[in-house]
Amino acid sequence: MHLGLKGKSFIIAAAALVLLIFLHSLELFSAVEKILFRASSPLQKRFYSAGIRTNSFFDKFKAGNDCGEIDILKTQIRSLMLQNSRLKLAAEENKILKKELSFTRQHKYDFIGARIMGTDSLYNSPLLILEIENDEYSEKDVENNMPVIVEDGILVGKIALVKENRIYMMPTTAAQSAVAATILNKDYTMGVAEGELNLAIIMRMIPQSEKVKSGDIIVTSGLETKMPKGLLLGTVSKVAQDQQTPFNIAYVTPLYNPKRLSSVLIIRKY
């Protein structure tokens with residue numbers, strides 16, 4: 001049978017491979033293999049280390065890009081949250097200003113607009129620092145015990161002190177606060193609304209014969225200087241018997257949180 005050139009080459013290559021395998025099994029080439037392995041070992045280590053460094057570089061590069069994108073997204077989210085909060089605050093202030101404007105048009109009071117600038121502690125109570133917004137007035141136009149209101153005639157405090165170009169307001173919830181008040185019940189129960197733990201208002205010395213219930217509205221009675229009658233103070237949340245006297249105590253929930261105050265109106269004259 002006649003074999004072509006390609007067939008002969010294939011047979012020769014196969015025979016050589018078989019021979020090499022046979023000789024390798026006899027370990028005749030083991031010394032040569034060891035020499036070649038030792039010679040090529042440094043090169044293999046370099047190539048392997050280079051490969052690791054290359055992979056590490058691309059991994060860090062990819063991770064850096066991912067971290068950069070995450071940081072950008074976080075920044076954008078914070079920016080959107082800030083814009084949203086500003087819009088909500090602006091809407092809330094516009095709502096309050098509209099109510100105040102409506103109230104001032106309905107009542108012939110002389111108002112001084114002011115803004116809350118911070119807090120301070122005097123008389124063992126937290127006071128709010130006010131700054132007049134209207135250029136027509138100054139601190140000289142403000143006196144102690146002038147009522148401070150927001151929105152539709154909600155009383156939030158009284159002027160406690162004017163000192164060194166600063167105006168201090170005592171919230172109705174302050175421990176030292178006291179306002180002559182009336183409960184709008186059948187008997188129009190009268191008393192003094194006092195601050196309770198800087199969180200709430202209480203009315204003591206309520207005769208047990210006078211019916212006071214949860215939800216009754218509390219307003220100023222007007223039985224004190226510089227305080228008009230009918231300003232809103234809060235609503236009765238609970239009535240309990242005073243254990244030390246034969247009277248009841250009414251716990252009152254304020255209609256406005258002093259911690260949320262931003263702008264207020266000082267009633268100068270009425």
# chains A, B, ... in the order shown; residues from 1 in each chain; ligands from 1
>>> residues_around(residues="range 253-256 of chain A", least_positions_apart="4", cutoff="12 Å", atoms="only C-alpha atoms", output="ChimeraX atom specification")
/A:96,149-157,171-174,193-196,198-203,214-219,231-239,260-262,264
>>> write_last_selection(atoms="C-alpha atoms", output="CSV table (one decimal), in the first residue's frame")
chain,number,residue,atom,x,y,z
A,96,ILE,CA,-48.8,80.0,58.6
A,149,ILE,CA,-49.2,84.4,68.9
A,150,VAL,CA,-49.1,82.4,65.6
A,151,GLU,CA,-51.7,81.5,63.0
A,152,ASP,CA,-55.3,82.0,63.9
A,153,GLY,CA,-54.7,83.6,67.3
A,154,ILE,CA,-53.0,80.7,69.0
A,155,LEU,CA,-51.1,81.9,72.1
A,156,VAL,CA,-47.6,80.4,72.2
A,157,GLY,CA,-46.1,82.6,74.9
A,171,PRO,CA,-43.6,79.6,75.9
A,172,THR,CA,-46.9,78.7,77.4
A,173,THR,CA,-45.5,75.2,78.2
A,174,ALA,CA,-42.5,76.6,80.2
A,193,ALA,CA,-53.1,77.8,82.8
A,194,GLU,CA,-49.6,76.8,83.9
A,195,GLY,CA,-46.7,75.3,82.0
A,196,GLU,CA,-46.0,71.6,82.7
A,198,ASN,CA,-42.0,72.3,79.1
A,199,LEU,CA,-44.3,70.0,77.2
A,200,ALA,CA,-47.9,70.6,78.2
A,201,ILE,CA,-50.3,72.9,80.1
A,202,ILE,CA,-52.3,72.2,83.2
A,203,MET,CA,-55.2,74.1,85.0
A,214,SER,CA,-61.8,65.9,77.2
A,215,GLY,CA,-61.9,68.0,74.1
A,216,ASP,CA,-63.0,71.2,75.8
A,217,ILE,CA,-61.2,74.3,74.4
A,218,ILE,CA,-59.1,76.6,76.6
A,219,VAL,CA,-58.8,80.3,75.8
A,231,LEU,CA,-56.7,83.7,72.3
A,232,LEU,CA,-56.5,79.9,71.9
A,233,LEU,CA,-54.4,77.9,74.3
A,234,GLY,CA,-55.2,74.3,73.8
A,235,THR,CA,-57.7,71.5,74.4
A,236,VAL,CA,-58.4,69.4,77.5
A,237,SER,CA,-56.8,66.0,77.1
A,238,LYS,CA,-57.6,64.6,80.6
A,239,VAL,CA,-59.3,65.6,83.9
A,260,ARG,CA,-41.7,74.1,65.6
A,261,LEU,CA,-42.0,77.9,65.9
A,262,SER,CA,-40.3,79.9,63.2
A,264,VAL,CA,-44.5,84.8,65.4
>>> select_by_dssp(residues="range 164-208 of chain A", states="strand (DSSP E or B)", output="ChimeraX atom specification")
/A:166-171,178-183,190-196,200-207
>>> write_last_selection(atoms="N, CA and C atoms", output="PDB file, in the first residue's frame")
ATOM      1  N   ARG A 166     -32.003  92.209  73.002  1.00  0.00           N
ATOM      2  CA  ARG A 166     -32.545  90.865  72.798  1.00  0.00           C
ATOM      3  C   ARG A 166     -33.925  90.770  73.422  1.00  0.00           C
ATOM      4  N   ILE A 167     -34.796  90.038  72.729  1.00  0.00           N
ATOM      5  CA  ILE A 167     -36.162  89.834  73.208  1.00  0.00           C
ATOM      6  C   ILE A 167     -36.321  88.359  73.549  1.00  0.00           C
ATOM      7  N   TYR A 168     -36.755  88.079  74.782  1.00  0.00           N
ATOM      8  CA  TYR A 168     -36.919  86.706  75.233  1.00  0.00           C
ATOM      9  C   TYR A 168     -38.406  86.399  75.423  1.00  0.00           C
ATOM     10  N   MET A 169     -38.850  85.293  74.852  1.00  0.00           N
ATOM     11  CA  MET A 169     -40.243  84.860  74.974  1.00  0.00           C
ATOM     12  C   MET A 169     -40.324  83.584  75.799  1.00  0.00           C
ATOM     13  N   MET A 170     -41.271  83.557  76.746  1.00  0.00           N
ATOM     14  CA  MET A 170     -41.495  82.358  77.530  1.00  0.00           C
ATOM     15  C   MET A 170     -42.670  81.584  76.943  1.00  0.00           C
ATOM     16  N   PRO A 171     -42.461  80.370  76.458  1.00  0.00           N
ATOM     17  CA  PRO A 171     -43.557  79.577  75.893  1.00  0.00           C
ATOM     18  C   PRO A 171     -44.612  79.250  76.949  1.00  0.00           C
ATOM     19  N   ALA A 178     -47.572  81.275  83.284  1.00  0.00           N
ATOM     20  CA  ALA A 178     -48.906  81.308  83.896  1.00  0.00           C
ATOM     21  C   ALA A 178     -49.773  82.284  83.114  1.00  0.00           C
ATOM     22  N   VAL A 179     -50.932  81.820  82.653  1.00  0.00           N
ATOM     23  CA  VAL A 179     -51.831  82.637  81.843  1.00  0.00           C
ATOM     24  C   VAL A 179     -53.254  82.493  82.394  1.00  0.00           C
ATOM     25  N   ALA A 180     -53.952  83.624  82.617  1.00  0.00           N
ATOM     26  CA  ALA A 180     -55.356  83.580  83.042  1.00  0.00           C
ATOM     27  C   ALA A 180     -56.179  83.005  81.905  1.00  0.00           C
ATOM     28  N   ALA A 181     -56.932  81.928  82.196  1.00  0.00           N
ATOM     29  CA  ALA A 181     -57.612  81.191  81.125  1.00  0.00           C
ATOM     30  C   ALA A 181     -59.043  80.847  81.489  1.00  0.00           C
ATOM     31  N   THR A 182     -59.794  80.470  80.463  1.00  0.00           N
ATOM     32  CA  THR A 182     -61.190  80.039  80.604  1.00  0.00           C
ATOM     33  C   THR A 182     -61.401  78.769  79.807  1.00  0.00           C
ATOM     34  N   ILE A 183     -62.115  77.821  80.395  1.00  0.00           N
ATOM     35  CA  ILE A 183     -62.500  76.607  79.681  1.00  0.00           C
ATOM     36  C   ILE A 183     -63.867  76.848  79.062  1.00  0.00           C
ATOM     37  N   MET A 190     -63.040  79.149  85.020  1.00  0.00           N
ATOM     38  CA  MET A 190     -61.890  80.040  84.928  1.00  0.00           C
ATOM     39  C   MET A 190     -60.788  79.577  85.857  1.00  0.00           C
ATOM     40  N   GLY A 191     -59.560  79.900  85.482  1.00  0.00           N
ATOM     41  CA  GLY A 191     -58.420  79.510  86.303  1.00  0.00           C
ATOM     42  C   GLY A 191     -57.131  80.035  85.694  1.00  0.00           C
ATOM     43  N   VAL A 192     -56.042  79.398  86.075  1.00  0.00           N
ATOM     44  CA  VAL A 192     -54.721  79.783  85.571  1.00  0.00           C
ATOM     45  C   VAL A 192     -54.106  78.588  84.839  1.00  0.00           C
ATOM     46  N   ALA A 193     -53.725  78.820  83.585  1.00  0.00           N
ATOM     47  CA  ALA A 193     -53.064  77.793  82.782  1.00  0.00           C
ATOM     48  C   ALA A 193     -51.561  77.889  83.010  1.00  0.00           C
ATOM     49  N   GLU A 194     -50.981  76.824  83.550  1.00  0.00           N
ATOM     50  CA  GLU A 194     -49.565  76.817  83.891  1.00  0.00           C
ATOM     51  C   GLU A 194     -48.806  75.838  83.001  1.00  0.00           C
ATOM     52  N   GLY A 195     -47.547  76.173  82.754  1.00  0.00           N
ATOM     53  CA  GLY A 195     -46.702  75.272  81.984  1.00  0.00           C
ATOM     54  C   GLY A 195     -46.364  74.024  82.776  1.00  0.00           C
ATOM     55  N   GLU A 196     -46.247  72.901  82.082  1.00  0.00           N
ATOM     56  CA  GLU A 196     -45.987  71.620  82.734  1.00  0.00           C
ATOM     57  C   GLU A 196     -44.853  70.888  82.012  1.00  0.00           C
ATOM     58  N   ALA A 200     -46.482  70.529  78.205  1.00  0.00           N
ATOM     59  CA  ALA A 200     -47.937  70.625  78.210  1.00  0.00           C
ATOM     60  C   ALA A 200     -48.371  71.796  79.094  1.00  0.00           C
ATOM     61  N   ILE A 201     -49.683  71.896  79.315  1.00  0.00           N
ATOM     62  CA  ILE A 201     -50.281  72.941  80.141  1.00  0.00           C
ATOM     63  C   ILE A 201     -51.273  72.264  81.086  1.00  0.00           C
ATOM     64  N   ILE A 202     -51.364  72.768  82.293  1.00  0.00           N
ATOM     65  CA  ILE A 202     -52.348  72.246  83.232  1.00  0.00           C
ATOM     66  C   ILE A 202     -53.138  73.400  83.838  1.00  0.00           C
ATOM     67  N   MET A 203     -54.379  73.119  84.248  1.00  0.00           N
ATOM     68  CA  MET A 203     -55.209  74.071  84.975  1.00  0.00           C
ATOM     69  C   MET A 203     -55.610  73.433  86.300  1.00  0.00           C
ATOM     70  N   ARG A 204     -55.249  74.086  87.393  1.00  0.00           N
ATOM     71  CA  ARG A 204     -55.566  73.563  88.716  1.00  0.00           C
ATOM     72  C   ARG A 204     -56.795  74.277  89.292  1.00  0.00           C
ATOM     73  N   MET A 205     -57.164  73.862  90.497  1.00  0.00           N
ATOM     74  CA  MET A 205     -58.227  74.529  91.268  1.00  0.00           C
ATOM     75  C   MET A 205     -59.550  74.576  90.516  1.00  0.00           C
ATOM     76  N   ILE A 206     -59.879  73.514  89.787  1.00  0.00           N
ATOM     77  CA  ILE A 206     -61.167  73.449  89.089  1.00  0.00           C
ATOM     78  C   ILE A 206     -62.200  72.823  90.027  1.00  0.00           C
ATOM     79  N   PRO A 207     -63.269  73.524  90.356  1.00  0.00           N
ATOM     80  CA  PRO A 207     -64.299  72.957  91.243  1.00  0.00           C
ATOM     81  C   PRO A 207     -64.855  71.654  90.670  1.00  0.00           C
TER      82      PRO A 207
END
>>> closest_residue(among="A:Val142, A:Glu133, A:Pro258, A:Ala160", to="Gly118 in chain A", atoms="only C-alpha atoms")
A:Pro258
>>> residues_around(residues="Asp187 in chain A", least_positions_apart="6", cutoff="9 Å", atoms="only C-alpha atoms", output="number ranges by chain")
A: 210-212
>>> write_last_selection(atoms="N, CA and C atoms", output="mmCIF file, in the first residue's frame")
data_model
loop_
_atom_site.group_PDB
_atom_site.id
_atom_site.type_symbol
_atom_site.label_atom_id
_atom_site.label_comp_id
_atom_site.auth_asym_id
_atom_site.auth_seq_id
_atom_site.Cartn_x
_atom_site.Cartn_y
_atom_site.Cartn_z
ATOM 1 N N GLU A 210 -68.084 71.648 88.603
ATOM 2 C CA GLU A 210 -68.098 72.145 87.222
ATOM 3 C C GLU A 210 -67.589 71.045 86.298
ATOM 4 N N LYS A 211 -68.392 70.733 85.296
ATOM 5 C CA LYS A 211 -68.099 69.625 84.396
ATOM 6 C C LYS A 211 -67.100 70.042 83.317
ATOM 7 N N VAL A 212 -65.970 69.378 83.344
ATOM 8 C CA VAL A 212 -64.931 69.591 82.327
ATOM 9 C C VAL A 212 -64.630 68.239 81.699
#
>>> atom_distance(atom1="CA of Leu197 in chain A", atom2="CA of Gln241 in chain A")
19.2 Å
>>> residues_around(residues="range 227-230 of chain A", least_positions_apart="6", cutoff="7 Å", atoms="only C-alpha atoms", output="list in words")
Met146, Pro147, Val219, Thr220, Ser221 and Tyr270 of chain A
>>> residues_around(residues="range 161-164 of chain A", least_positions_apart="6", cutoff="8 Å", atoms="only C-alpha atoms", output="list in words")
Glu139, Val142, Glu143 and Asn144 of chain A
>>> write_last_selection(atoms="C-alpha atoms", output="mmCIF file, in the first residue's frame")
data_model
loop_
_atom_site.group_PDB
_atom_site.id
_atom_site.type_symbol
_atom_site.label_atom_id
_atom_site.label_comp_id
_atom_site.auth_asym_id
_atom_site.auth_seq_id
_atom_site.Cartn_x
_atom_site.Cartn_y
_atom_site.Cartn_z
ATOM 1 C CA GLU A 139 -36.753 96.340 70.940
ATOM 2 C CA VAL A 142 -41.612 95.576 73.147
ATOM 3 C CA GLU A 143 -42.522 95.173 76.832
ATOM 4 C CA ASN A 144 -42.762 92.335 79.303
#
>>> atom_distance(atom1="CA of Lys213 in chain A", atom2="CA of Gln243 in chain A")
18.6 Å
>>> atom_distance(atom1="CA of Val148 in chain A", atom2="CA of Ser263 in chain A")
10.2 Å
>>> decode(residues="range 112-193 of chain A", atoms="C-alpha atoms", output="PDB file, in the first residue's frame")
ATOM      1  CA  ILE A 112     -44.940  93.299  65.558  1.00  0.00           C
ATOM      2  CA  GLY A 113     -43.617  90.504  63.372  1.00  0.00           C
ATOM      3  CA  ALA A 114     -40.668  88.541  64.764  1.00  0.00           C
ATOM      4  CA  ARG A 115     -38.629  85.460  63.985  1.00  0.00           C
ATOM      5  CA  ILE A 116     -37.226  82.819  66.336  1.00  0.00           C
ATOM      6  CA  MET A 117     -33.430  83.097  66.452  1.00  0.00           C
ATOM      7  CA  GLY A 118     -32.518  80.594  69.151  1.00  0.00           C
ATOM      8  CA  THR A 119     -33.022  79.490  72.734  1.00  0.00           C
ATOM      9  CA  ASP A 120     -31.670  80.486  76.121  1.00  0.00           C
ATOM     10  CA  SER A 121     -32.256  79.475  79.732  1.00  0.00           C
ATOM     11  CA  LEU A 122     -33.397  82.107  82.192  1.00  0.00           C
ATOM     12  CA  TYR A 123     -35.630  81.775  85.241  1.00  0.00           C
ATOM     13  CA  ASN A 124     -34.938  78.020  85.148  1.00  0.00           C
ATOM     14  CA  SER A 125     -37.009  77.765  81.959  1.00  0.00           C
ATOM     15  CA  PRO A 126     -36.038  77.532  78.275  1.00  0.00           C
ATOM     16  CA  LEU A 127     -36.790  80.853  76.581  1.00  0.00           C
ATOM     17  CA  LEU A 128     -36.929  81.647  72.874  1.00  0.00           C
ATOM     18  CA  ILE A 129     -34.926  84.544  71.460  1.00  0.00           C
ATOM     19  CA  LEU A 130     -36.884  86.756  69.057  1.00  0.00           C
ATOM     20  CA  GLU A 131     -35.702  89.146  66.372  1.00  0.00           C
ATOM     21  CA  ILE A 132     -38.016  91.839  65.027  1.00  0.00           C
ATOM     22  CA  GLU A 133     -38.562  91.613  61.263  1.00  0.00           C
ATOM     23  CA  ASN A 134     -40.287  94.971  60.720  1.00  0.00           C
ATOM     24  CA  ASP A 135     -37.945  97.964  60.408  1.00  0.00           C
ATOM     25  CA  GLU A 136     -40.670 100.248  61.790  1.00  0.00           C
ATOM     26  CA  TYR A 137     -40.219  98.722  65.262  1.00  0.00           C
ATOM     27  CA  SER A 138     -37.317  98.004  67.595  1.00  0.00           C
ATOM     28  CA  GLU A 139     -36.753  96.340  70.940  1.00  0.00           C
ATOM     29  CA  LYS A 140     -37.885  99.579  72.630  1.00  0.00           C
ATOM     30  CA  ASP A 141     -41.422  98.934  71.365  1.00  0.00           C
ATOM     31  CA  VAL A 142     -41.612  95.576  73.147  1.00  0.00           C
ATOM     32  CA  GLU A 143     -42.522  95.173  76.832  1.00  0.00           C
ATOM     33  CA  ASN A 144     -42.762  92.335  79.303  1.00  0.00           C
ATOM     34  CA  ASN A 145     -45.973  90.251  79.317  1.00  0.00           C
ATOM     35  CA  MET A 146     -46.922  91.140  75.746  1.00  0.00           C
ATOM     36  CA  PRO A 147     -48.621  88.072  74.205  1.00  0.00           C
ATOM     37  CA  VAL A 148     -46.985  86.196  71.349  1.00  0.00           C
ATOM     38  CA  ILE A 149     -49.203  84.350  68.871  1.00  0.00           C
ATOM     39  CA  VAL A 150     -49.126  82.353  65.643  1.00  0.00           C
ATOM     40  CA  GLU A 151     -51.669  81.475  62.963  1.00  0.00           C
ATOM     41  CA  ASP A 152     -55.317  82.042  63.891  1.00  0.00           C
ATOM     42  CA  GLY A 153     -54.724  83.628  67.286  1.00  0.00           C
ATOM     43  CA  ILE A 154     -52.963  80.705  68.983  1.00  0.00           C
ATOM     44  CA  LEU A 155     -51.108  81.939  72.064  1.00  0.00           C
ATOM     45  CA  VAL A 156     -47.620  80.436  72.208  1.00  0.00           C
ATOM     46  CA  GLY A 157     -46.082  82.581  74.923  1.00  0.00           C
ATOM     47  CA  LYS A 158     -45.469  85.951  76.504  1.00  0.00           C
ATOM     48  CA  ILE A 159     -42.538  88.351  76.429  1.00  0.00           C
ATOM     49  CA  ALA A 160     -40.447  87.530  79.487  1.00  0.00           C
ATOM     50  CA  LEU A 161     -37.546  89.940  79.156  1.00  0.00           C
ATOM     51  CA  VAL A 162     -36.094  92.636  76.896  1.00  0.00           C
ATOM     52  CA  LYS A 163     -32.397  93.049  77.565  1.00  0.00           C
ATOM     53  CA  GLU A 164     -29.328  94.140  75.600  1.00  0.00           C
ATOM     54  CA  ASN A 165     -31.173  94.360  72.285  1.00  0.00           C
ATOM     55  CA  ARG A 166     -32.545  90.865  72.798  1.00  0.00           C
ATOM     56  CA  ILE A 167     -36.162  89.834  73.208  1.00  0.00           C
ATOM     57  CA  TYR A 168     -36.919  86.706  75.233  1.00  0.00           C
ATOM     58  CA  MET A 169     -40.243  84.860  74.974  1.00  0.00           C
ATOM     59  CA  MET A 170     -41.495  82.358  77.530  1.00  0.00           C
ATOM     60  CA  PRO A 171     -43.557  79.577  75.893  1.00  0.00           C
ATOM     61  CA  THR A 172     -46.910  78.676  77.440  1.00  0.00           C
ATOM     62  CA  THR A 173     -45.486  75.224  78.215  1.00  0.00           C
ATOM     63  CA  ALA A 174     -42.525  76.594  80.207  1.00  0.00           C
ATOM     64  CA  ALA A 175     -42.422  75.706  83.890  1.00  0.00           C
ATOM     65  CA  GLN A 176     -42.687  79.370  84.984  1.00  0.00           C
ATOM     66  CA  SER A 177     -45.481  80.271  82.541  1.00  0.00           C
ATOM     67  CA  ALA A 178     -48.906  81.308  83.896  1.00  0.00           C
ATOM     68  CA  VAL A 179     -51.831  82.637  81.843  1.00  0.00           C
ATOM     69  CA  ALA A 180     -55.356  83.580  83.042  1.00  0.00           C
ATOM     70  CA  ALA A 181     -57.612  81.191  81.125  1.00  0.00           C
ATOM     71  CA  THR A 182     -61.190  80.039  80.604  1.00  0.00           C
ATOM     72  CA  ILE A 183     -62.500  76.607  79.681  1.00  0.00           C
ATOM     73  CA  LEU A 184     -65.251  76.854  77.086  1.00  0.00           C
ATOM     74  CA  ASN A 185     -67.586  74.459  78.868  1.00  0.00           C
ATOM     75  CA  LYS A 186     -71.098  74.996  80.208  1.00  0.00           C
ATOM     76  CA  ASP A 187     -69.802  76.799  83.313  1.00  0.00           C
ATOM     77  CA  TYR A 188     -67.022  78.740  81.547  1.00  0.00           C
ATOM     78  CA  THR A 189     -64.633  77.532  84.212  1.00  0.00           C
ATOM     79  CA  MET A 190     -61.890  80.040  84.928  1.00  0.00           C
ATOM     80  CA  GLY A 191     -58.420  79.510  86.303  1.00  0.00           C
ATOM     81  CA  VAL A 192     -54.721  79.783  85.571  1.00  0.00           C
ATOM     82  CA  ALA A 193     -53.064  77.793  82.782  1.00  0.00           C
TER      83      ALA A 193
END
